[in-house]
file protein.txt (compact mmCIF, C-alpha atoms)
# COMPACT_ATOMS: atom_id res chain seq x y z
CA MET A 636 94.16 -38.97 -68.65
CA LYS A 637 92.81 -36.32 -66.31
CA LYS A 638 89.35 -36.61 -67.85
CA LYS A 639 89.38 -40.38 -67.48
CA THR A 640 90.45 -40.02 -63.86
CA ALA A 641 87.70 -37.47 -63.22
CA PHE A 642 85.07 -39.74 -64.81
CA ALA A 643 86.36 -42.70 -62.80
CA LEU A 644 86.23 -40.73 -59.56
CA ALA A 645 82.75 -39.51 -60.38
CA GLY A 646 81.69 -43.07 -61.06
CA LEU A 647 83.17 -44.23 -57.78
CA GLY A 648 81.45 -41.40 -55.96
CA ALA A 649 78.10 -42.30 -57.50
CA ALA A 650 78.64 -45.96 -56.66
CA ALA A 651 79.51 -45.04 -53.07
CA VAL A 652 76.35 -42.97 -52.69
CA ALA A 653 74.31 -45.79 -54.21
CA GLY A 654 75.94 -48.31 -51.88
CA ILE A 655 75.31 -46.19 -48.81
CA ALA A 656 71.74 -45.62 -49.95
CA PHE A 657 71.10 -49.35 -50.42
CA HIS A 658 72.52 -50.36 -47.05
CA SER A 659 70.79 -47.43 -45.37
CA TYR A 660 67.55 -48.48 -46.99
CA LEU A 661 67.79 -52.06 -45.70
CA ASP A 662 68.79 -50.83 -42.25
CA VAL A 663 65.77 -48.60 -41.99
CA MET A 664 63.03 -50.33 -43.95
CA TYR A 665 63.60 -54.10 -43.78
CA LYS A 666 62.73 -56.34 -40.86
CA GLU A 667 65.52 -56.74 -38.31
CA THR A 668 67.18 -59.86 -39.70
CA ILE A 669 70.08 -58.39 -41.66
CA PRO A 670 73.66 -57.57 -40.52
CA LYS A 671 74.33 -54.07 -39.20
CA GLY A 672 74.85 -51.37 -41.78
CA LEU A 673 75.71 -47.68 -41.61
CA ILE A 674 72.41 -46.46 -40.16
CA LYS A 675 72.32 -49.03 -37.36
CA ILE A 676 75.94 -48.30 -36.49
CA ILE A 677 75.20 -44.56 -36.38
CA GLN A 678 72.12 -45.15 -34.22
CA GLU A 679 74.13 -47.19 -31.71
CA LYS A 680 76.78 -44.47 -31.45
CA THR A 681 74.31 -41.62 -31.05
CA ASP A 682 73.52 -41.12 -27.35
CA PRO A 683 73.10 -44.83 -26.58
CA GLY A 684 71.98 -44.01 -23.03
CA ASP A 685 68.98 -41.97 -24.11
CA LEU A 686 66.53 -44.87 -24.19
CA ILE A 687 67.71 -46.73 -21.09
CA GLU A 688 65.12 -45.16 -18.78
CA LEU A 689 62.35 -45.82 -21.30
CA SER A 690 63.50 -49.42 -21.78
CA ASN A 691 63.55 -49.95 -18.03
CA MET A 692 60.05 -48.55 -17.70
CA CYS A 693 58.78 -50.87 -20.46
CA GLU A 694 60.34 -53.89 -18.75
CA LYS A 695 58.81 -52.89 -15.42
CA SER A 696 55.41 -52.40 -17.04
CA MET A 697 55.58 -55.84 -18.65
CA GLU A 698 56.05 -57.46 -15.26
CA TRP A 699 52.46 -56.40 -14.52
CA VAL A 700 51.18 -57.14 -18.03
CA ASP A 701 52.56 -60.68 -18.05
CA LYS A 702 50.43 -61.49 -14.99
CA GLN A 703 47.20 -60.44 -16.71
CA ASN A 704 44.79 -62.45 -18.82
CA ILE A 705 45.92 -61.22 -22.23
CA GLU A 706 44.14 -62.56 -25.32
CA THR A 707 46.22 -62.88 -28.47
CA VAL A 708 44.13 -61.98 -31.50
CA THR A 709 45.05 -62.18 -35.18
CA LEU A 710 44.22 -60.17 -38.27
CA LEU A 711 44.99 -60.78 -41.94
CA ASN A 712 45.86 -57.50 -43.62
CA ASP A 713 45.43 -56.50 -47.26
CA ARG A 714 48.96 -57.75 -48.04
CA ASN A 715 48.16 -61.25 -46.79
CA GLU A 716 50.28 -60.83 -43.65
CA THR A 717 49.10 -62.22 -40.32
CA LEU A 718 49.25 -59.51 -37.66
CA LYS A 719 49.07 -60.08 -33.91
CA GLY A 720 47.24 -58.00 -31.34
CA PHE A 721 47.19 -58.30 -27.55
CA LEU A 722 43.89 -57.56 -25.86
CA LEU A 723 43.34 -56.86 -22.17
CA MET A 724 39.69 -56.46 -21.24
CA ALA A 725 38.55 -54.21 -18.41
CA GLU A 726 37.58 -55.82 -15.10
CA LYS A 727 33.97 -54.71 -15.57
CA PRO A 728 32.16 -54.78 -18.93
CA SER A 729 33.08 -51.63 -20.82
CA LYS A 730 32.27 -50.02 -24.15
CA LYS A 731 35.47 -47.98 -24.01
CA PHE A 732 38.54 -49.10 -25.94
CA CYS A 733 42.07 -47.92 -26.56
CA VAL A 734 43.84 -49.20 -29.66
CA PHE A 735 47.57 -48.50 -29.37
CA ALA A 736 50.18 -48.00 -32.12
CA HIS A 737 53.80 -48.62 -31.10
CA GLY A 738 56.91 -46.91 -32.39
CA TYR A 739 59.60 -47.87 -34.88
CA ARG A 740 61.25 -51.27 -34.21
CA ALA A 741 59.10 -51.67 -31.09
CA SER A 742 56.19 -54.03 -30.32
CA HIS A 743 53.43 -54.48 -27.74
CA ARG A 744 56.25 -55.13 -25.26
CA GLY A 745 57.82 -51.74 -26.00
CA ASP A 746 56.18 -48.34 -25.58
CA SER A 747 52.71 -49.95 -25.70
CA ALA A 748 53.52 -51.73 -22.42
CA ASN A 749 53.52 -48.48 -20.46
CA PHE A 750 49.82 -47.93 -21.08
CA PHE A 751 48.23 -51.33 -20.41
CA LYS A 752 47.72 -50.61 -16.72
CA PHE A 753 46.75 -46.96 -17.18
CA TYR A 754 43.88 -47.78 -19.51
CA HIS A 755 42.92 -50.91 -17.54
CA ASP A 756 42.68 -48.91 -14.30
CA LYS A 757 40.59 -46.34 -16.13
CA GLY A 758 38.07 -49.01 -17.16
CA PHE A 759 39.10 -49.22 -20.81
CA ASN A 760 39.64 -52.36 -22.85
CA TYR A 761 43.14 -52.13 -24.32
CA LEU A 762 44.42 -53.52 -27.63
CA ALA A 763 48.15 -53.22 -28.33
CA VAL A 764 49.03 -54.35 -31.84
CA ASP A 765 52.30 -55.51 -33.33
CA HIS A 766 52.69 -53.66 -36.62
CA THR A 767 53.85 -55.25 -39.85
CA ALA A 768 57.50 -56.42 -39.67
CA ALA A 769 57.49 -55.97 -35.89
CA GLY A 770 57.06 -58.13 -32.82
CA GLU A 771 55.07 -61.28 -33.49
CA SER A 772 53.47 -60.01 -36.71
CA GLU A 773 54.47 -61.03 -40.21
CA GLY A 774 55.80 -58.68 -42.87
CA ASP A 775 59.14 -57.66 -44.35
CA TRP A 776 58.93 -53.90 -44.75
CA VAL A 777 58.33 -51.08 -42.28
CA GLY A 778 55.69 -48.68 -43.57
CA PHE A 779 56.63 -45.58 -41.52
CA ASP A 780 52.90 -44.93 -40.92
CA TYR A 781 51.74 -45.77 -44.48
CA TYR A 782 51.13 -49.50 -44.03
CA GLU A 783 50.66 -49.16 -40.27
CA SER A 784 47.76 -46.72 -40.64
CA ILE A 785 46.03 -48.96 -43.20
CA ASP A 786 46.40 -51.94 -40.87
CA MET A 787 45.24 -49.97 -37.84
CA LEU A 788 42.02 -49.05 -39.63
CA LYS A 789 41.44 -52.78 -40.13
CA TRP A 790 42.06 -53.33 -36.41
CA LEU A 791 39.39 -50.72 -35.69
CA ASP A 792 36.98 -52.60 -37.96
CA TYR A 793 37.82 -55.81 -36.09
CA ILE A 794 37.04 -54.25 -32.70
CA ILE A 795 33.82 -52.65 -33.94
CA ASP A 796 32.63 -55.86 -35.63
CA ARG A 797 33.40 -57.91 -32.51
CA TYR A 798 32.10 -55.58 -29.80
CA GLY A 799 29.44 -53.50 -31.55
CA SER A 800 28.98 -50.18 -33.28
CA ASP A 801 28.10 -48.45 -29.99
CA ILE A 802 31.65 -48.64 -28.57
CA GLU A 803 33.89 -45.60 -28.07
CA ILE A 804 37.55 -45.69 -29.06
CA VAL A 805 40.70 -43.66 -28.47
CA ILE A 806 43.66 -44.33 -30.73
CA HIS A 807 47.00 -43.63 -29.08
CA GLY A 808 50.46 -43.84 -30.62
CA VAL A 809 54.09 -43.04 -29.82
CA SER A 810 56.75 -41.89 -32.33
CA MET A 811 56.05 -43.78 -35.58
CA GLY A 812 52.84 -44.82 -33.84
CA GLY A 813 52.11 -41.15 -33.20
CA ALA A 814 52.54 -40.47 -36.91
CA THR A 815 50.36 -43.51 -37.62
CA VAL A 816 47.40 -42.17 -35.63
CA CYS A 817 47.94 -38.77 -37.27
CA GLN A 818 47.78 -40.45 -40.68
CA MET A 819 44.48 -42.06 -39.64
CA ALA A 820 42.96 -38.83 -38.32
CA ASP A 821 40.87 -38.04 -41.41
CA LYS A 822 39.93 -41.69 -42.13
CA ILE A 823 38.63 -42.93 -38.78
CA PRO A 824 35.15 -44.37 -38.21
CA PRO A 825 32.73 -42.42 -35.97
CA GLN A 826 33.45 -44.73 -33.02
CA VAL A 827 36.85 -43.05 -32.62
CA LYS A 828 36.21 -40.18 -30.25
CA ALA A 829 39.78 -39.08 -29.49
CA ILE A 830 43.34 -39.30 -30.84
CA VAL A 831 46.58 -39.12 -28.83
CA ALA A 832 49.75 -38.49 -30.84
CA ASP A 833 52.93 -38.71 -28.77
CA CYS A 834 56.07 -37.31 -30.50
CA PRO A 835 54.83 -37.80 -34.10
CA TYR A 836 56.91 -36.79 -37.12
CA THR A 837 55.48 -34.77 -40.00
CA SER A 838 56.69 -37.31 -42.59
CA ALA A 839 59.25 -40.08 -42.89
CA LYS A 840 61.15 -37.97 -45.43
CA ASP A 841 61.39 -35.06 -42.99
CA GLU A 842 62.54 -37.45 -40.27
CA PHE A 843 65.21 -39.12 -42.43
CA ILE A 844 66.65 -35.75 -43.45
CA CYS A 845 66.64 -34.62 -39.81
CA VAL A 846 68.51 -37.73 -38.65
CA ALA A 847 71.02 -37.50 -41.51
CA ASN A 848 71.69 -33.83 -40.76
CA SER A 849 72.16 -34.57 -37.06
CA VAL A 850 75.07 -36.93 -37.81
CA GLY A 851 76.72 -34.65 -40.34
CA ILE A 852 75.28 -36.08 -43.57
CA LYS A 853 73.94 -32.90 -45.13
CA LYS A 854 74.95 -32.33 -48.74
CA THR A 855 74.36 -35.92 -49.86
CA ALA A 856 71.27 -36.54 -47.68
CA PRO A 857 68.71 -35.57 -50.37
CA TYR A 858 70.44 -37.83 -52.92
CA ILE A 859 70.60 -40.75 -50.49
CA LEU A 860 66.93 -40.21 -49.62
CA GLY A 861 66.02 -40.08 -53.31
CA ALA A 862 67.81 -43.37 -53.92
CA MET A 863 66.15 -44.91 -50.87
CA ASN A 864 62.72 -43.86 -52.07
CA PHE A 865 63.46 -45.25 -55.54
CA LEU A 866 64.21 -48.60 -53.91
CA ASN A 867 61.28 -48.33 -51.54
CA LYS A 868 58.72 -47.89 -54.31
CA ARG A 869 60.02 -51.00 -56.02
CA LEU A 870 60.74 -53.24 -53.04
CA ALA A 871 58.36 -52.20 -50.25
CA GLY A 872 55.71 -51.01 -52.68
CA TYR A 873 54.95 -47.49 -51.49
CA ASP A 874 56.16 -43.92 -51.95
CA LEU A 875 57.67 -42.20 -48.91
CA GLU A 876 55.76 -39.09 -49.98
CA LYS A 877 52.65 -40.90 -48.74
CA THR A 878 53.93 -40.89 -45.16
CA ASP A 879 53.28 -37.16 -44.83
CA VAL A 880 50.59 -36.70 -42.15
CA ARG A 881 49.96 -32.97 -42.48
CA ASN A 882 46.86 -33.17 -44.65
CA SER A 883 45.30 -35.87 -42.48
CA VAL A 884 45.80 -33.75 -39.37
CA LYS A 885 44.32 -30.70 -41.12
CA ASN A 886 41.17 -32.72 -41.75
CA ALA A 887 41.04 -34.66 -38.49
CA LYS A 888 37.62 -36.06 -37.56
CA ALA A 889 38.19 -36.29 -33.80
CA PRO A 890 39.79 -34.18 -31.06
CA MET A 891 43.57 -34.58 -30.86
CA LEU A 892 46.03 -34.45 -27.98
CA PHE A 893 49.64 -33.87 -29.02
CA ILE A 894 52.46 -34.76 -26.62
CA HIS A 895 56.14 -34.07 -27.22
CA GLY A 896 59.40 -33.95 -25.33
CA GLY A 897 60.77 -30.42 -25.10
CA SER A 898 64.30 -31.78 -25.54
CA ASP A 899 63.49 -34.15 -28.41
CA THR A 900 66.07 -33.75 -31.16
CA PHE A 901 65.42 -37.10 -32.86
CA VAL A 902 61.88 -36.12 -33.85
CA PRO A 903 62.23 -32.40 -33.17
CA THR A 904 59.65 -30.77 -30.92
CA ALA A 905 58.94 -28.36 -33.77
CA MET A 906 57.35 -31.21 -35.76
CA GLY A 907 54.81 -31.83 -33.01
CA LYS A 908 54.11 -28.11 -32.71
CA GLU A 909 53.63 -27.81 -36.47
CA LEU A 910 51.05 -30.60 -36.44
CA PHE A 911 49.28 -29.04 -33.46
CA ASP A 912 49.07 -25.73 -35.34
CA LEU A 913 47.74 -27.47 -38.47
CA CYS A 914 45.03 -29.36 -36.60
CA THR A 915 41.61 -27.77 -37.11
CA THR A 916 39.56 -29.94 -34.75
CA GLU A 917 39.46 -29.52 -30.96
CA LYS A 918 42.97 -30.02 -29.66
CA ASP A 919 45.36 -29.82 -26.74
CA MET A 920 49.11 -30.15 -26.27
CA LEU A 921 51.54 -31.22 -23.56
CA ILE A 922 55.24 -30.38 -23.82
CA VAL A 923 57.43 -32.16 -21.28
CA GLU A 924 60.50 -29.93 -21.26
CA PRO A 925 63.22 -32.31 -20.01
CA ALA A 926 62.05 -35.26 -22.12
CA LYS A 927 63.98 -36.52 -25.13
CA HIS A 928 62.39 -38.71 -27.79
CA ALA A 929 59.47 -40.83 -26.54
CA GLU A 930 60.48 -40.06 -22.95
CA SER A 931 57.57 -37.84 -21.88
CA ILE A 932 55.87 -40.71 -20.04
CA VAL A 933 59.17 -41.42 -18.23
CA GLN A 934 60.18 -37.88 -17.32
CA ASP A 935 56.76 -36.72 -16.10
CA THR A 936 54.55 -39.75 -15.55
CA GLU A 937 52.19 -37.85 -13.25
CA GLY A 938 51.83 -34.88 -15.60
CA TYR A 939 51.35 -37.17 -18.60
CA HIS A 940 48.62 -39.17 -16.84
CA LYS A 941 46.92 -35.98 -15.60
CA LYS A 942 46.75 -34.45 -19.08
CA LEU A 943 45.65 -37.77 -20.63
CA ASN A 944 42.92 -38.21 -18.01
CA GLU A 945 41.61 -34.69 -18.61
CA PHE A 946 41.53 -35.25 -22.36
CA LEU A 947 39.84 -38.65 -22.19
CA ASP A 948 37.29 -37.53 -19.60
CA LYS A 949 36.32 -34.65 -21.86
CA TYR A 950 35.65 -36.69 -24.99
CA ILE A 951 34.95 -40.31 -23.95
call {"tool": "encode", "arguments": {"input": "protein.txt", "output": "structure tokens"}}
result
Amino acid sequence: MKKKTAFALAGLGAAAVAGIAFHSYLDVMYKETIPKGLIKIIQEKTDPGDLIELSNMCEKSMEWVDKQNIETVTLLNDRNETLKGFLLMAEKPSKKFCVFAHGYRASHRGDSANFFKFYHDKGFNYLAVDHTAAGESEGDWVGFDYYESIDMLKWLDYIIDRYGSDIEIVIHGVSMGGATVCQMADKIPPQVKAIVADCPYTSAKDEFICVANSVGIKKTAPYILGAMNFLNKRLAGYDLEKTDVRNSVKNAKAPMLFIHGGSDTFVPTAMGKELFDLCTTEKDMLIVEPAKHAESIVQDTEGYHKKLNEFLDKYI
């Protein structure tokens, strides 16, 4: 009887882990159309005030953006999804472009919004894209930099084909977008002269483990992640191992500026520092000590703009 009970409990335990893994997987990877599961509930209970200042800044930025002559452009990716981009041209004809990659569950109205005016005032044309499964773009599955980097390379081709091979481009991304531009670093065309990676993670796997550990899920985290990746390869169609950006950064083809909040515990500051150390091209780094995740632009707007101006003026 004891053996049967033990086997039954083991079976229930395995089923519980599998259930948590499945709901966690949908929470994290699928487009935001499903009911809340464990991960979303945890996210809402973990320092819900952290992103208020950032959200307010994005809303304020969009008040200016919504008054501009924004062109909506479309792109069909390799997975037959229609993606949307939002293009603001400089007041005077310019060969300088920024192509911006937003963060997880964001859009061109999220962290991208805070840079429309900066690049416009600097005389750059600015393209903010909505990634797959985000904003106004089609798609079911978040790629955690895997699909996003592939799509961003197609956006670069679009800009080059439309405006000429003599243009100069900076790619700039925040959070998942920061990881996305890191993933692109060794694959970019020669028109990309600079890369700005704001609070990037080293890999989605590293980030998932970090988040799980931060909420007390430690012993079972590797098993849950393994189950999630098993599902991901079959449903979303890619291996989470392919989200690791370290090798791309090691072989970067353009100068890189890394930015990170010194108080970032969601994507730990150490991840940004590790990528900076791995980078073998010309590089620079800004650590904004009081900033939490993706908050560097909020906590030190002047310092962020100063460093970004210096970097861009040096290479573009």
call {"tool": "residues_around", "arguments": {"input": "protein.txt", "residues": "Lys822 of chain A", "least_positions_apart": "2", "cutoff": "10 Å", "atoms": "only C-alpha atoms", "output": "list in words"}}
result
Ser784, Ile785, Leu788, Val816, Cys817, Gln818, Met819, Ala820, Pro824, Pro825, Ser883, Asn886, Ala887 and Lys888 of chain A
call {"tool": "closest_atom_pairs", "arguments": {"input": "protein.txt", "of": "segment 700-719 of chain A", "to": "segment 733-751 of chain A", "cutoff": "12 Å", "atoms": "all atoms listed in the file", "output": "tab-separated table"}}
result
residue	atom	partner	partner_atom	distance
A:Val700	CA	A:Phe751	CA	6.9
A:Asp701	CA	A:Arg744	CA	9.8
A:Lys702	CA	A:Phe751	CA	11.7
A:Gln703	CA	A:Phe751	CA	9.9
A:Asn704	CA	A:Phe751	CA	11.7
A:Ile705	CA	A:Phe751	CA	10.3
A:Thr707	CA	A:His743	CA	11.1
A:Leu718	CA	A:Ser742	CA	11.5
A:Lys719	CA	A:His743	CA	9.4
call {"tool": "atom_distance", "arguments": {"input": "protein.txt", "atom1": "atom CA of Lys752 of chain A", "atom2": "atom CA of Asp796 of chain A"}}
result
24.8 Å
call {"tool": "atom_distance", "arguments": {"input": "protein.txt", "atom1": "atom CA of Met811 of chain A", "atom2": "atom CA of Thr717 of chain A"}}
result
20.3 Å
call {"tool": "residues_around", "arguments": {"input": "protein.txt", "residues": "segment 727-729 of chain A", "least_positions_apart": "5", "cutoff": "12 Å", "atoms": "all atoms listed in the file", "output": "list in words"}}
result
Tyr754, His755, Asp756, Lys757, Gly758, Phe759, Asn760, Tyr761, Tyr798, Gly799, Asp801, Ile802, Glu803, Ile804 and Ile951 of chain A
call {"tool": "closest_residue", "arguments": {"input": "protein.txt", "among": "A:Phe946, A:Trp776, A:Trp699, A:Phe732", "to": "Lys868 of chain A", "atoms": "all atoms listed in the file"}}
result
A:Trp776
call {"tool": "closest_residue", "arguments": {"input": "protein.txt", "among": "A:Glu842, A:Asp786, A:Asp662, A:Glu909", "to": "Asp713 of chain A", "atoms": "all atoms listed in the file"}}
result
A:Asp786
call {"tool": "residues_around", "arguments": {"input": "protein.txt", "residues": "Gly720 of chain A", "least_positions_apart": "6", "cutoff": "9 Å", "atoms": "only C-alpha atoms", "output": "PyMOL selection string"}}
result
chain A and resi 706-710+743+762-766+771-772+790
call {"tool": "residues_around", "arguments": {"input": "protein.txt", "residues": "Ile922 of chain A", "least_positions_apart": "6", "cutoff": "6 Å", "atoms": "all atoms listed in the file", "output": "number ranges by chain"}}
result
A: 894-897
call {"tool": "write_last_selection", "arguments": {"input": "protein.txt", "atoms": "C-alpha atoms", "output": "mmCIF file, in the coordinates of the input"}}
result
data_model
loop_
_atom_site.group_PDB
_atom_site.id
_atom_site.type_symbol
_atom_site.label_atom_id
_atom_site.label_comp_id
_atom_site.auth_asym_id
_atom_site.auth_seq_id
_atom_site.Cartn_x
_atom_site.Cartn_y
_atom_site.Cartn_z
ATOM 1 C CA ILE A 894 52.460 -34.760 -26.620
ATOM 2 C CA HIS A 895 56.140 -34.070 -27.220
ATOM 3 C CA GLY A 896 59.400 -33.950 -25.330
ATOM 4 C CA GLY A 897 60.770 -30.420 -25.100
#
call {"tool": "residues_around", "arguments": {"input": "protein.txt", "residues": "segment 833-840 of chain A", "least_positions_apart": "2", "cutoff": "8 Å", "atoms": "all atoms listed in the file", "output": "ChimeraX atom specification"}}
result
/A:779,807-814,817,831,842-844,860,875-876,878-881,893-896,902-904,906-907,910,928-929
call {"tool": "atom_distance", "arguments": {"input": "protein.txt", "atom1": "atom CA of His940 of chain A", "atom2": "atom CA of Val923 of chain A"}}
result
12.1 Å
call {"tool": "closest_residue", "arguments": {"input": "protein.txt", "among": "A:Gly851, A:Gly778, A:Pro890, A:Gly861", "to": "Phe911 of chain A", "atoms": "only C-alpha atoms"}}
result
A:Pro890
call {"tool": "axis_aligned_box", "arguments": {"input": "protein.txt", "around": "segment 741-759 of chain A", "padding_each_side": "3 Å", "output": "JSON"}}
result
{"center_x": 48.6, "center_y": -50.7, "center_z": -22.7, "size_x": 27.0, "size_y": 14.8, "size_z": 22.8}
call {"tool": "decode", "arguments": {"input": "protein.txt", "residues": "segment 916-944 of chain A", "atoms": "N, CA and C atoms", "output": "PDB file, in the first residue's frame"}}
result
ATOM      1  N   THR A 916      34.447  44.141 -30.230  1.00  0.00           N
ATOM      2  CA  THR A 916      34.522  45.318 -31.075  1.00  0.00           C
ATOM      3  C   THR A 916      34.659  46.557 -30.185  1.00  0.00           C
ATOM      4  N   GLU A 917      34.733  47.752 -30.776  1.00  0.00           N
ATOM      5  CA  GLU A 917      34.741  48.964 -29.966  1.00  0.00           C
ATOM      6  C   GLU A 917      33.457  49.017 -29.153  1.00  0.00           C
ATOM      7  N   LYS A 918      33.560  49.503 -27.910  1.00  0.00           N
ATOM      8  CA  LYS A 918      32.401  49.399 -27.023  1.00  0.00           C
ATOM      9  C   LYS A 918      32.444  50.461 -25.943  1.00  0.00           C
ATOM     10  N   ASP A 919      31.296  50.685 -25.341  1.00  0.00           N
ATOM     11  CA  ASP A 919      31.175  51.604 -24.214  1.00  0.00           C
ATOM     12  C   ASP A 919      30.030  51.094 -23.342  1.00  0.00           C
ATOM     13  N   MET A 920      29.961  51.618 -22.112  1.00  0.00           N
ATOM     14  CA  MET A 920      28.904  51.166 -21.208  1.00  0.00           C
ATOM     15  C   MET A 920      28.470  52.291 -20.296  1.00  0.00           C
ATOM     16  N   LEU A 921      27.168  52.346 -20.037  1.00  0.00           N
ATOM     17  CA  LEU A 921      26.586  53.276 -19.081  1.00  0.00           C
ATOM     18  C   LEU A 921      25.787  52.478 -18.059  1.00  0.00           C
ATOM     19  N   ILE A 922      26.142  52.626 -16.792  1.00  0.00           N
ATOM     20  CA  ILE A 922      25.377  52.036 -15.699  1.00  0.00           C
ATOM     21  C   ILE A 922      24.680  53.172 -14.954  1.00  0.00           C
ATOM     22  N   VAL A 923      23.356  53.120 -14.905  1.00  0.00           N
ATOM     23  CA  VAL A 923      22.580  54.119 -14.176  1.00  0.00           C
ATOM     24  C   VAL A 923      22.210  53.499 -12.829  1.00  0.00           C
ATOM     25  N   GLU A 924      22.934  53.867 -11.794  1.00  0.00           N
ATOM     26  CA  GLU A 924      22.866  53.168 -10.513  1.00  0.00           C
ATOM     27  C   GLU A 924      21.465  53.043  -9.914  1.00  0.00           C
ATOM     28  N   PRO A 925      20.652  54.100  -9.868  1.00  0.00           N
ATOM     29  CA  PRO A 925      19.350  53.929  -9.203  1.00  0.00           C
ATOM     30  C   PRO A 925      18.307  53.210 -10.043  1.00  0.00           C
ATOM     31  N   ALA A 926      18.598  52.958 -11.316  1.00  0.00           N
ATOM     32  CA  ALA A 926      17.572  52.451 -12.232  1.00  0.00           C
ATOM     33  C   ALA A 926      17.325  50.960 -12.050  1.00  0.00           C
ATOM     34  N   LYS A 927      16.038  50.596 -12.038  1.00  0.00           N
ATOM     35  CA  LYS A 927      15.646  49.195 -12.090  1.00  0.00           C
ATOM     36  C   LYS A 927      15.510  48.799 -13.559  1.00  0.00           C
ATOM     37  N   HIS A 928      14.780  47.733 -13.837  1.00  0.00           N
ATOM     38  CA  HIS A 928      14.751  47.218 -15.204  1.00  0.00           C
ATOM     39  C   HIS A 928      14.118  48.195 -16.187  1.00  0.00           C
ATOM     40  N   ALA A 929      14.851  48.485 -17.255  1.00  0.00           N
ATOM     41  CA  ALA A 929      14.415  49.349 -18.363  1.00  0.00           C
ATOM     42  C   ALA A 929      14.149  50.780 -17.930  1.00  0.00           C
ATOM     43  N   GLU A 930      14.636  51.164 -16.757  1.00  0.00           N
ATOM     44  CA  GLU A 930      14.357  52.493 -16.213  1.00  0.00           C
ATOM     45  C   GLU A 930      15.487  53.498 -16.392  1.00  0.00           C
ATOM     46  N   SER A 931      16.579  53.120 -17.054  1.00  0.00           N
ATOM     47  CA  SER A 931      17.714  54.035 -17.159  1.00  0.00           C
ATOM     48  C   SER A 931      17.322  55.361 -17.808  1.00  0.00           C
ATOM     49  N   ILE A 932      16.500  55.293 -18.855  1.00  0.00           N
ATOM     50  CA  ILE A 932      16.059  56.494 -19.555  1.00  0.00           C
ATOM     51  C   ILE A 932      15.185  57.366 -18.656  1.00  0.00           C
ATOM     52  N   VAL A 933      14.499  56.754 -17.684  1.00  0.00           N
ATOM     53  CA  VAL A 933      13.634  57.494 -16.761  1.00  0.00           C
ATOM     54  C   VAL A 933      14.449  58.133 -15.644  1.00  0.00           C
ATOM     55  N   GLN A 934      15.352  57.341 -15.053  1.00  0.00           N
ATOM     56  CA  GLN A 934      16.075  57.787 -13.870  1.00  0.00           C
ATOM     57  C   GLN A 934      17.174  58.794 -14.170  1.00  0.00           C
ATOM     58  N   ASP A 935      17.730  58.742 -15.369  1.00  0.00           N
ATOM     59  CA  ASP A 935      18.784  59.703 -15.743  1.00  0.00           C
ATOM     60  C   ASP A 935      18.663  60.023 -17.225  1.00  0.00           C
ATOM     61  N   THR A 936      17.595  60.731 -17.568  1.00  0.00           N
ATOM     62  CA  THR A 936      17.342  61.060 -18.970  1.00  0.00           C
ATOM     63  C   THR A 936      18.499  61.856 -19.557  1.00  0.00           C
ATOM     64  N   GLU A 937      18.979  62.830 -18.821  1.00  0.00           N
ATOM     65  CA  GLU A 937      20.071  63.680 -19.315  1.00  0.00           C
ATOM     66  C   GLU A 937      21.339  62.875 -19.534  1.00  0.00           C
ATOM     67  N   GLY A 938      21.697  62.033 -18.554  1.00  0.00           N
ATOM     68  CA  GLY A 938      22.907  61.227 -18.685  1.00  0.00           C
ATOM     69  C   GLY A 938      22.801  60.208 -19.809  1.00  0.00           C
ATOM     70  N   TYR A 939      21.616  59.635 -19.969  1.00  0.00           N
ATOM     71  CA  TYR A 939      21.363  58.666 -21.039  1.00  0.00           C
ATOM     72  C   TYR A 939      21.546  59.350 -22.395  1.00  0.00           C
ATOM     73  N   HIS A 940      20.902  60.510 -22.563  1.00  0.00           N
ATOM     74  CA  HIS A 940      21.009  61.229 -23.841  1.00  0.00           C
ATOM     75  C   HIS A 940      22.444  61.669 -24.118  1.00  0.00           C
ATOM     76  N   LYS A 941      23.153  62.103 -23.088  1.00  0.00           N
ATOM     77  CA  LYS A 941      24.545  62.542 -23.250  1.00  0.00           C
ATOM     78  C   LYS A 941      25.411  61.394 -23.757  1.00  0.00           C
ATOM     79  N   LYS A 942      25.310  60.244 -23.099  1.00  0.00           N
ATOM     80  CA  LYS A 942      26.111  59.082 -23.509  1.00  0.00           C
ATOM     81  C   LYS A 942      25.728  58.628 -24.915  1.00  0.00           C
ATOM     82  N   LEU A 943      24.419  58.601 -25.206  1.00  0.00           N
ATOM     83  CA  LEU A 943      23.948  58.175 -26.521  1.00  0.00           C
ATOM     84  C   LEU A 943      24.420  59.138 -27.603  1.00  0.00           C
ATOM     85  N   ASN A 944      24.372  60.425 -27.326  1.00  0.00           N
ATOM     86  CA  ASN A 944      24.865  61.414 -28.292  1.00  0.00           C
ATOM     87  C   ASN A 944      26.343  61.215 -28.578  1.00  0.00           C
TER      88      ASN A 944
END
